[in-house]
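Structure data (CSV, N, CA and C atoms) from protein.csv:
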```csv
chain,number,residue,atom,x,y,z
Z,160,CYS,N,129.5,79.6,-75.5
Z,160,CYS,CA,128.9,80.5,-76.5
Z,160,CYS,C,127.8,81.3,-75.8
Z,161,ASN,N,127.7,82.5,-76.1
Z,161,ASN,CA,126.8,83.4,-75.5
Z,161,ASN,C,125.5,83.5,-76.4
Z,162,ILE,N,124.4,83.3,-75.8
Z,162,ILE,CA,123.1,83.3,-76.5
Z,162,ILE,C,122.2,84.3,-75.8
Z,163,GLN,N,121.6,85.1,-76.5
Z,163,GLN,CA,120.6,86.0,-75.9
Z,163,GLN,C,119.3,85.8,-76.6
Z,164,LEU,N,118.3,85.6,-75.7
Z,164,LEU,CA,116.9,85.3,-76.1
Z,164,LEU,C,116.2,86.7,-76.3
Z,165,LYS,N,115.8,86.9,-77.6
Z,165,LYS,CA,115.0,88.1,-77.9
Z,165,LYS,C,113.7,87.7,-78.6
Z,166,ASN,N,112.7,88.5,-78.3
Z,166,ASN,CA,111.4,88.3,-78.9
Z,166,ASN,C,110.8,86.9,-78.7
Z,167,VAL,N,111.0,86.3,-77.5
Z,167,VAL,CA,110.5,85.0,-77.2
Z,167,VAL,C,109.2,85.2,-76.4
Z,168,ARG,N,108.1,84.7,-76.9
Z,168,ARG,CA,106.8,84.9,-76.2
Z,168,ARG,C,106.8,84.0,-74.9
Z,169,LYS,N,106.2,84.6,-73.9
Z,169,LYS,CA,106.1,83.9,-72.6
Z,169,LYS,C,107.4,83.3,-72.1
Z,170,LYS,N,108.4,84.2,-72.2
Z,170,LYS,CA,109.8,83.7,-71.8
Z,170,LYS,C,109.8,83.3,-70.3
Z,171,ARG,N,109.2,84.1,-69.4
Z,171,ARG,CA,109.1,83.7,-68.0
Z,171,ARG,C,108.4,82.4,-67.7
Z,172,LYS,N,107.4,82.1,-68.5
Z,172,LYS,CA,106.6,80.9,-68.3
Z,172,LYS,C,107.5,79.7,-68.7
Z,173,LEU,N,108.3,79.9,-69.7
Z,173,LEU,CA,109.2,78.8,-70.2
Z,173,LEU,C,110.3,78.5,-69.2
Z,174,PHE,N,110.8,79.6,-68.5
Z,174,PHE,CA,111.8,79.3,-67.5
Z,174,PHE,C,111.3,78.4,-66.3
Z,175,PHE,N,110.0,78.6,-66.0
Z,175,PHE,CA,109.5,77.8,-64.9
Z,175,PHE,C,109.2,76.3,-65.3
Z,176,LYS,N,109.1,76.1,-66.6
Z,176,LYS,CA,108.8,74.7,-67.1
Z,176,LYS,C,110.0,73.8,-66.9
Z,177,ASP,N,111.2,74.4,-67.1
Z,177,ASP,CA,112.4,73.6,-67.0
Z,177,ASP,C,113.3,74.2,-65.9
Z,178,ILE,N,113.3,73.6,-64.7
Z,178,ILE,CA,114.0,74.2,-63.5
Z,178,ILE,C,115.5,74.1,-63.7
Z,179,PHE,N,116.0,73.1,-64.4
Z,179,PHE,CA,117.5,73.0,-64.6
Z,179,PHE,C,118.0,74.1,-65.5
Z,180,THR,N,117.3,74.4,-66.6
Z,180,THR,CA,117.7,75.5,-67.4
Z,180,THR,C,117.6,76.8,-66.7
Z,181,THR,N,116.6,77.0,-65.9
Z,181,THR,CA,116.4,78.2,-65.1
Z,181,THR,C,117.5,78.4,-64.2
Z,182,ALA,N,117.9,77.3,-63.5
Z,182,ALA,CA,119.0,77.4,-62.5
Z,182,ALA,C,120.3,77.7,-63.2
Z,183,VAL,N,120.5,77.3,-64.4
Z,183,VAL,CA,121.8,77.6,-65.2
Z,183,VAL,C,121.7,79.0,-65.7
Z,184,ASP,N,120.6,79.5,-66.0
Z,184,ASP,CA,120.5,80.8,-66.7
Z,184,ASP,C,120.3,82.0,-65.7
Z,185,ILE,N,119.9,81.8,-64.5
Z,185,ILE,CA,119.7,82.9,-63.6
Z,185,ILE,C,121.1,83.5,-63.1
Z,186,GLU,N,121.0,84.7,-62.6
Z,186,GLU,CA,122.3,85.4,-62.2
Z,186,GLU,C,122.8,84.7,-60.9
Z,187,TRP,N,124.1,84.9,-60.6
Z,187,TRP,CA,124.7,84.2,-59.5
Z,187,TRP,C,124.1,84.7,-58.2
Z,188,ARG,N,123.8,85.9,-58.1
Z,188,ARG,CA,123.2,86.4,-56.8
Z,188,ARG,C,121.9,85.7,-56.4
Z,189,TYR,N,121.1,85.3,-57.4
Z,189,TYR,CA,119.9,84.6,-57.2
Z,189,TYR,C,120.2,83.1,-56.8
Z,190,THR,N,121.2,82.6,-57.5
Z,190,THR,CA,121.6,81.2,-57.2
Z,190,THR,C,122.0,81.1,-55.7
Z,191,LEU,N,122.9,82.0,-55.3
Z,191,LEU,CA,123.4,82.1,-53.9
Z,191,LEU,C,122.2,82.3,-52.9
Z,192,LEU,N,121.3,83.2,-53.3
Z,192,LEU,CA,120.2,83.5,-52.5
Z,192,LEU,C,119.3,82.2,-52.3
Z,193,ALA,N,119.1,81.5,-53.4
Z,193,ALA,CA,118.3,80.3,-53.3
Z,193,ALA,C,119.0,79.2,-52.4
Z,194,PHE,N,120.3,79.1,-52.6
Z,194,PHE,CA,121.1,78.2,-51.8
Z,194,PHE,C,121.0,78.5,-50.3
Z,195,ALA,N,121.2,79.8,-50.0
Z,195,ALA,CA,121.1,80.2,-48.6
Z,195,ALA,C,119.7,80.0,-48.0
Z,196,ALA,N,118.7,80.4,-48.8
Z,196,ALA,CA,117.3,80.2,-48.4
Z,196,ALA,C,117.0,78.8,-48.1
Z,197,ALA,N,117.5,77.9,-48.9
Z,197,ALA,CA,117.2,76.5,-48.7
Z,197,ALA,C,117.8,76.0,-47.3
Z,198,PHE,N,118.9,76.5,-47.0
Z,198,PHE,CA,119.5,76.1,-45.7
Z,198,PHE,C,118.6,76.7,-44.5
Z,199,PHE,N,118.3,78.0,-44.6
Z,199,PHE,CA,117.5,78.6,-43.5
Z,199,PHE,C,116.1,78.0,-43.4
Z,200,VAL,N,115.5,77.6,-44.5
Z,200,VAL,CA,114.2,77.0,-44.5
Z,200,VAL,C,114.3,75.6,-43.8
Z,201,SER,N,115.3,74.8,-44.2
Z,201,SER,CA,115.5,73.5,-43.7
Z,201,SER,C,115.8,73.6,-42.2
Z,202,TRP,N,116.6,74.5,-41.7
Z,202,TRP,CA,116.9,74.6,-40.3
Z,202,TRP,C,115.6,75.0,-39.5
Z,203,THR,N,114.8,75.9,-40.1
Z,203,THR,CA,113.6,76.4,-39.4
Z,203,THR,C,112.6,75.2,-39.4
Z,204,VAL,N,112.4,74.5,-40.4
Z,204,VAL,CA,111.4,73.4,-40.4
Z,204,VAL,C,111.8,72.4,-39.3
Z,205,PHE,N,113.0,71.9,-39.3
Z,205,PHE,CA,113.4,71.0,-38.3
Z,205,PHE,C,113.4,71.5,-36.9
Z,206,ALA,N,113.7,72.8,-36.7
Z,206,ALA,CA,113.6,73.4,-35.4
Z,206,ALA,C,112.1,73.4,-34.9
Z,207,VAL,N,111.2,73.7,-35.8
Z,207,VAL,CA,109.8,73.7,-35.5
Z,207,VAL,C,109.3,72.3,-35.1
Z,208,LEU,N,109.8,71.3,-35.8
Z,208,LEU,CA,109.4,69.9,-35.5
Z,208,LEU,C,109.9,69.5,-34.1
Z,209,TYR,N,111.2,69.8,-33.8
Z,209,TYR,CA,111.8,69.5,-32.5
Z,209,TYR,C,111.0,70.3,-31.4
Z,210,TRP,N,110.7,71.5,-31.7
Z,210,TRP,CA,109.9,72.3,-30.7
Z,210,TRP,C,108.5,71.8,-30.4
Z,211,ILE,N,107.8,71.4,-31.5
Z,211,ILE,CA,106.5,70.8,-31.3
Z,211,ILE,C,106.6,69.5,-30.5
Z,212,ILE,N,107.6,68.7,-30.8
Z,212,ILE,CA,107.7,67.4,-30.0
Z,212,ILE,C,108.0,67.7,-28.6
Z,213,ALA,N,108.8,68.7,-28.3
Z,213,ALA,CA,109.2,69.1,-26.9
Z,213,ALA,C,107.9,69.6,-26.2
Z,214,ILE,N,107.1,70.4,-26.9
Z,214,ILE,CA,105.9,70.9,-26.2
Z,214,ILE,C,104.9,69.8,-26.0
Z,215,TYR,N,104.8,68.9,-26.9
Z,215,TYR,CA,103.9,67.7,-26.8
Z,215,TYR,C,104.3,66.8,-25.6
Z,216,ARG,N,105.6,66.6,-25.4
Z,216,ARG,CA,106.1,65.8,-24.4
Z,216,ARG,C,106.1,66.5,-23.0
Z,217,GLY,N,106.1,67.8,-23.0
Z,217,GLY,CA,106.2,68.5,-21.8
Z,217,GLY,C,107.6,69.0,-21.3
Z,218,ASP,N,108.5,68.9,-22.3
Z,218,ASP,CA,109.9,69.3,-21.9
Z,218,ASP,C,110.1,70.8,-21.6
Z,219,LEU,N,109.1,71.6,-22.1
Z,219,LEU,CA,109.3,73.1,-21.9
Z,219,LEU,C,108.4,73.6,-20.7
Z,220,GLU,N,107.8,72.7,-19.9
Z,220,GLU,CA,107.1,73.2,-18.8
Z,220,GLU,C,108.1,73.6,-17.7
Z,221,PRO,N,107.7,74.6,-16.9
Z,221,PRO,CA,108.6,75.2,-15.9
Z,221,PRO,C,109.3,74.2,-15.0
Z,222,ASN,N,108.6,73.1,-14.6
Z,222,ASN,CA,109.3,72.1,-13.7
Z,222,ASN,C,110.2,71.2,-14.5
Z,223,ASN,N,110.1,71.2,-15.8
Z,223,ASN,CA,110.9,70.3,-16.6
Z,223,ASN,C,112.1,70.9,-17.3
Z,224,LEU,N,112.2,72.2,-17.1
Z,224,LEU,CA,113.3,72.9,-17.8
Z,224,LEU,C,114.7,72.5,-17.2
Z,225,PRO,N,115.8,72.7,-17.9
Z,225,PRO,CA,117.1,72.1,-17.5
Z,225,PRO,C,117.5,72.4,-16.1
Z,226,GLN,N,117.2,73.7,-15.6
Z,226,GLN,CA,117.7,74.0,-14.2
Z,226,GLN,C,116.8,73.3,-13.2
Z,227,ASN,N,115.7,72.7,-13.5
Z,227,ASN,CA,114.8,72.0,-12.5
Z,227,ASN,C,114.8,70.5,-12.7
Z,228,GLN,N,115.6,70.0,-13.7
Z,228,GLN,CA,115.4,68.6,-14.0
Z,228,GLN,C,115.9,67.6,-12.9
Z,229,GLU,N,117.0,68.0,-12.2
Z,229,GLU,CA,117.5,67.1,-11.1
Z,229,GLU,C,116.4,67.0,-10.0
Z,230,ALA,N,115.8,68.1,-9.7
Z,230,ALA,CA,114.8,68.1,-8.6
Z,230,ALA,C,113.6,67.3,-9.0
Z,231,SER,N,113.1,67.4,-10.3
Z,231,SER,CA,111.9,66.8,-10.7
Z,231,SER,C,112.2,65.4,-11.3
Z,232,GLY,N,113.4,65.0,-11.6
Z,232,GLY,CA,113.7,63.7,-12.2
Z,232,GLY,C,113.3,63.6,-13.6
Z,233,TRP,N,113.0,64.6,-14.3
Z,233,TRP,CA,112.6,64.6,-15.7
Z,233,TRP,C,113.7,64.3,-16.6
Z,234,ARG,N,113.4,63.4,-17.6
Z,234,ARG,CA,114.4,63.1,-18.7
Z,234,ARG,C,113.9,63.6,-20.0
Z,235,PRO,N,114.4,64.7,-20.5
Z,235,PRO,CA,113.9,65.3,-21.8
Z,235,PRO,C,114.5,64.5,-23.0
Z,236,CYS,N,113.9,64.8,-24.1
Z,236,CYS,CA,114.4,64.2,-25.4
Z,236,CYS,C,115.7,64.7,-25.7
Z,237,VAL,N,115.9,66.0,-25.6
Z,237,VAL,CA,117.2,66.6,-25.9
Z,237,VAL,C,117.6,67.5,-24.7
Z,238,LEU,N,118.8,67.4,-24.3
Z,238,LEU,CA,119.3,68.1,-23.1
Z,238,LEU,C,119.5,69.6,-23.4
Z,239,GLU,N,119.4,70.4,-22.4
Z,239,GLU,CA,119.7,71.9,-22.4
Z,239,GLU,C,118.9,72.6,-23.4
Z,240,MET,N,117.6,72.4,-23.5
Z,240,MET,CA,116.7,73.1,-24.4
Z,240,MET,C,115.8,74.0,-23.5
Z,241,TYR,N,115.9,75.3,-23.8
Z,241,TYR,CA,115.1,76.3,-23.0
Z,241,TYR,C,113.9,76.9,-23.8
Z,242,ASN,N,114.2,77.2,-25.1
Z,242,ASN,CA,113.2,77.9,-25.9
Z,242,ASN,C,113.4,77.6,-27.4
Z,243,PHE,N,112.7,78.3,-28.2
Z,243,PHE,CA,112.8,78.0,-29.7
Z,243,PHE,C,114.2,78.3,-30.2
Z,244,THR,N,114.9,79.3,-29.7
Z,244,THR,CA,116.3,79.6,-30.1
Z,244,THR,C,117.2,78.4,-29.9
Z,245,SER,N,117.0,77.7,-28.7
Z,245,SER,CA,117.8,76.5,-28.4
Z,245,SER,C,117.5,75.4,-29.5
Z,246,PHE,N,116.3,75.3,-29.8
Z,246,PHE,CA,115.9,74.2,-30.8
Z,246,PHE,C,116.5,74.6,-32.2
Z,247,TYR,N,116.5,75.9,-32.5
Z,247,TYR,CA,117.0,76.3,-33.8
Z,247,TYR,C,118.5,76.1,-33.9
Z,248,LEU,N,119.2,76.4,-32.9
Z,248,LEU,CA,120.7,76.1,-32.8
Z,248,LEU,C,120.9,74.6,-32.9
Z,249,PHE,N,120.1,73.9,-32.2
Z,249,PHE,CA,120.3,72.4,-32.2
Z,249,PHE,C,120.1,71.9,-33.6
Z,250,SER,N,119.1,72.4,-34.3
Z,250,SER,CA,118.8,72.0,-35.7
Z,250,SER,C,120.0,72.3,-36.6
Z,251,VAL,N,120.6,73.5,-36.4
Z,251,VAL,CA,121.7,73.9,-37.2
Z,251,VAL,C,122.9,73.0,-37.0
Z,252,GLU,N,123.2,72.8,-35.7
Z,252,GLU,CA,124.3,71.9,-35.3
Z,252,GLU,C,124.1,70.5,-35.8
Z,253,THR,N,122.9,69.9,-35.7
Z,253,THR,CA,122.7,68.6,-36.1
Z,253,THR,C,122.8,68.4,-37.6
Z,254,GLN,N,122.3,69.4,-38.4
Z,254,GLN,CA,122.4,69.2,-39.8
Z,254,GLN,C,123.8,69.4,-40.3
Z,255,HIS,N,124.6,70.3,-39.7
Z,255,HIS,CA,125.9,70.5,-40.1
Z,255,HIS,C,126.8,69.3,-39.7
Z,256,THR,N,126.5,68.7,-38.6
Z,256,THR,CA,127.3,67.5,-38.2
Z,256,THR,C,127.0,66.3,-39.2
Z,257,ILE,N,125.7,66.1,-39.5
Z,257,ILE,CA,125.3,65.0,-40.4
Z,257,ILE,C,125.7,65.3,-41.8
Z,258,GLY,N,125.6,66.6,-42.3
Z,258,GLY,CA,125.8,67.0,-43.6
Z,258,GLY,C,127.3,66.9,-44.0
```

As structure tokens, how would this structure be written, given the file I've shared?
Amino acid sequence: CNIQLKNVRKKRKLFFKDIFTTAVDIEWRYTLLAFAAAFFVSWTVFAVLYWIIAIYRGDLEPNNLPQNQEASGWRPCVLEMYNFTSFYLFSVETQHTIG
């Protein structure tokens, strides 16, 4: 059944009170946008966490990068990580494998 809300006071405020009804009532493009944004935010958050851990451990120092690891004997947390892009792709791979 199609229902149209007219002359409802503070209609936008009511939508934020009930997230389920809001998710059902919003247009499909916003639903897909929210779904895609949730993935991108999740990938970015985990990539930043991996990157911070690597910086803290020293995995990104010039002597500890993958091309110098055999000479220095360094064992990184995650192999083949060069920069933030590597960590972002690792985050995407890991979450899709687990998910």

**Neighbour list for Val204 of chain Z as a list in words, cut-off 12 Å, only C-alpha atoms, skip fewer than 2 positions in-chain** = Ala197, Phe198, Phe199, Val200, Ser201, Trp202, Ala206, Val207, Leu208, Tyr209, Trp210, Ile211, Phe243, Phe246, Tyr247, Ser250, Val251 and Gln254 of chain Z

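Using only C-alpha atoms, the nearest neighbour of Ala182 of chain Z within the list Z:Asn222, Z:Phe194, Z:Arg234, Z:Arg216 is Z:Phe194.
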
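Across the structure, atom N of Asp184 of chain Z and atom CA of Ala196 of chain Z are spaced 17.9 Å apart.
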
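Taking atom N of Phe205 of chain Z and atom CA of Leu191 of chain Z as the two end points, the separation is 20.6 Å.
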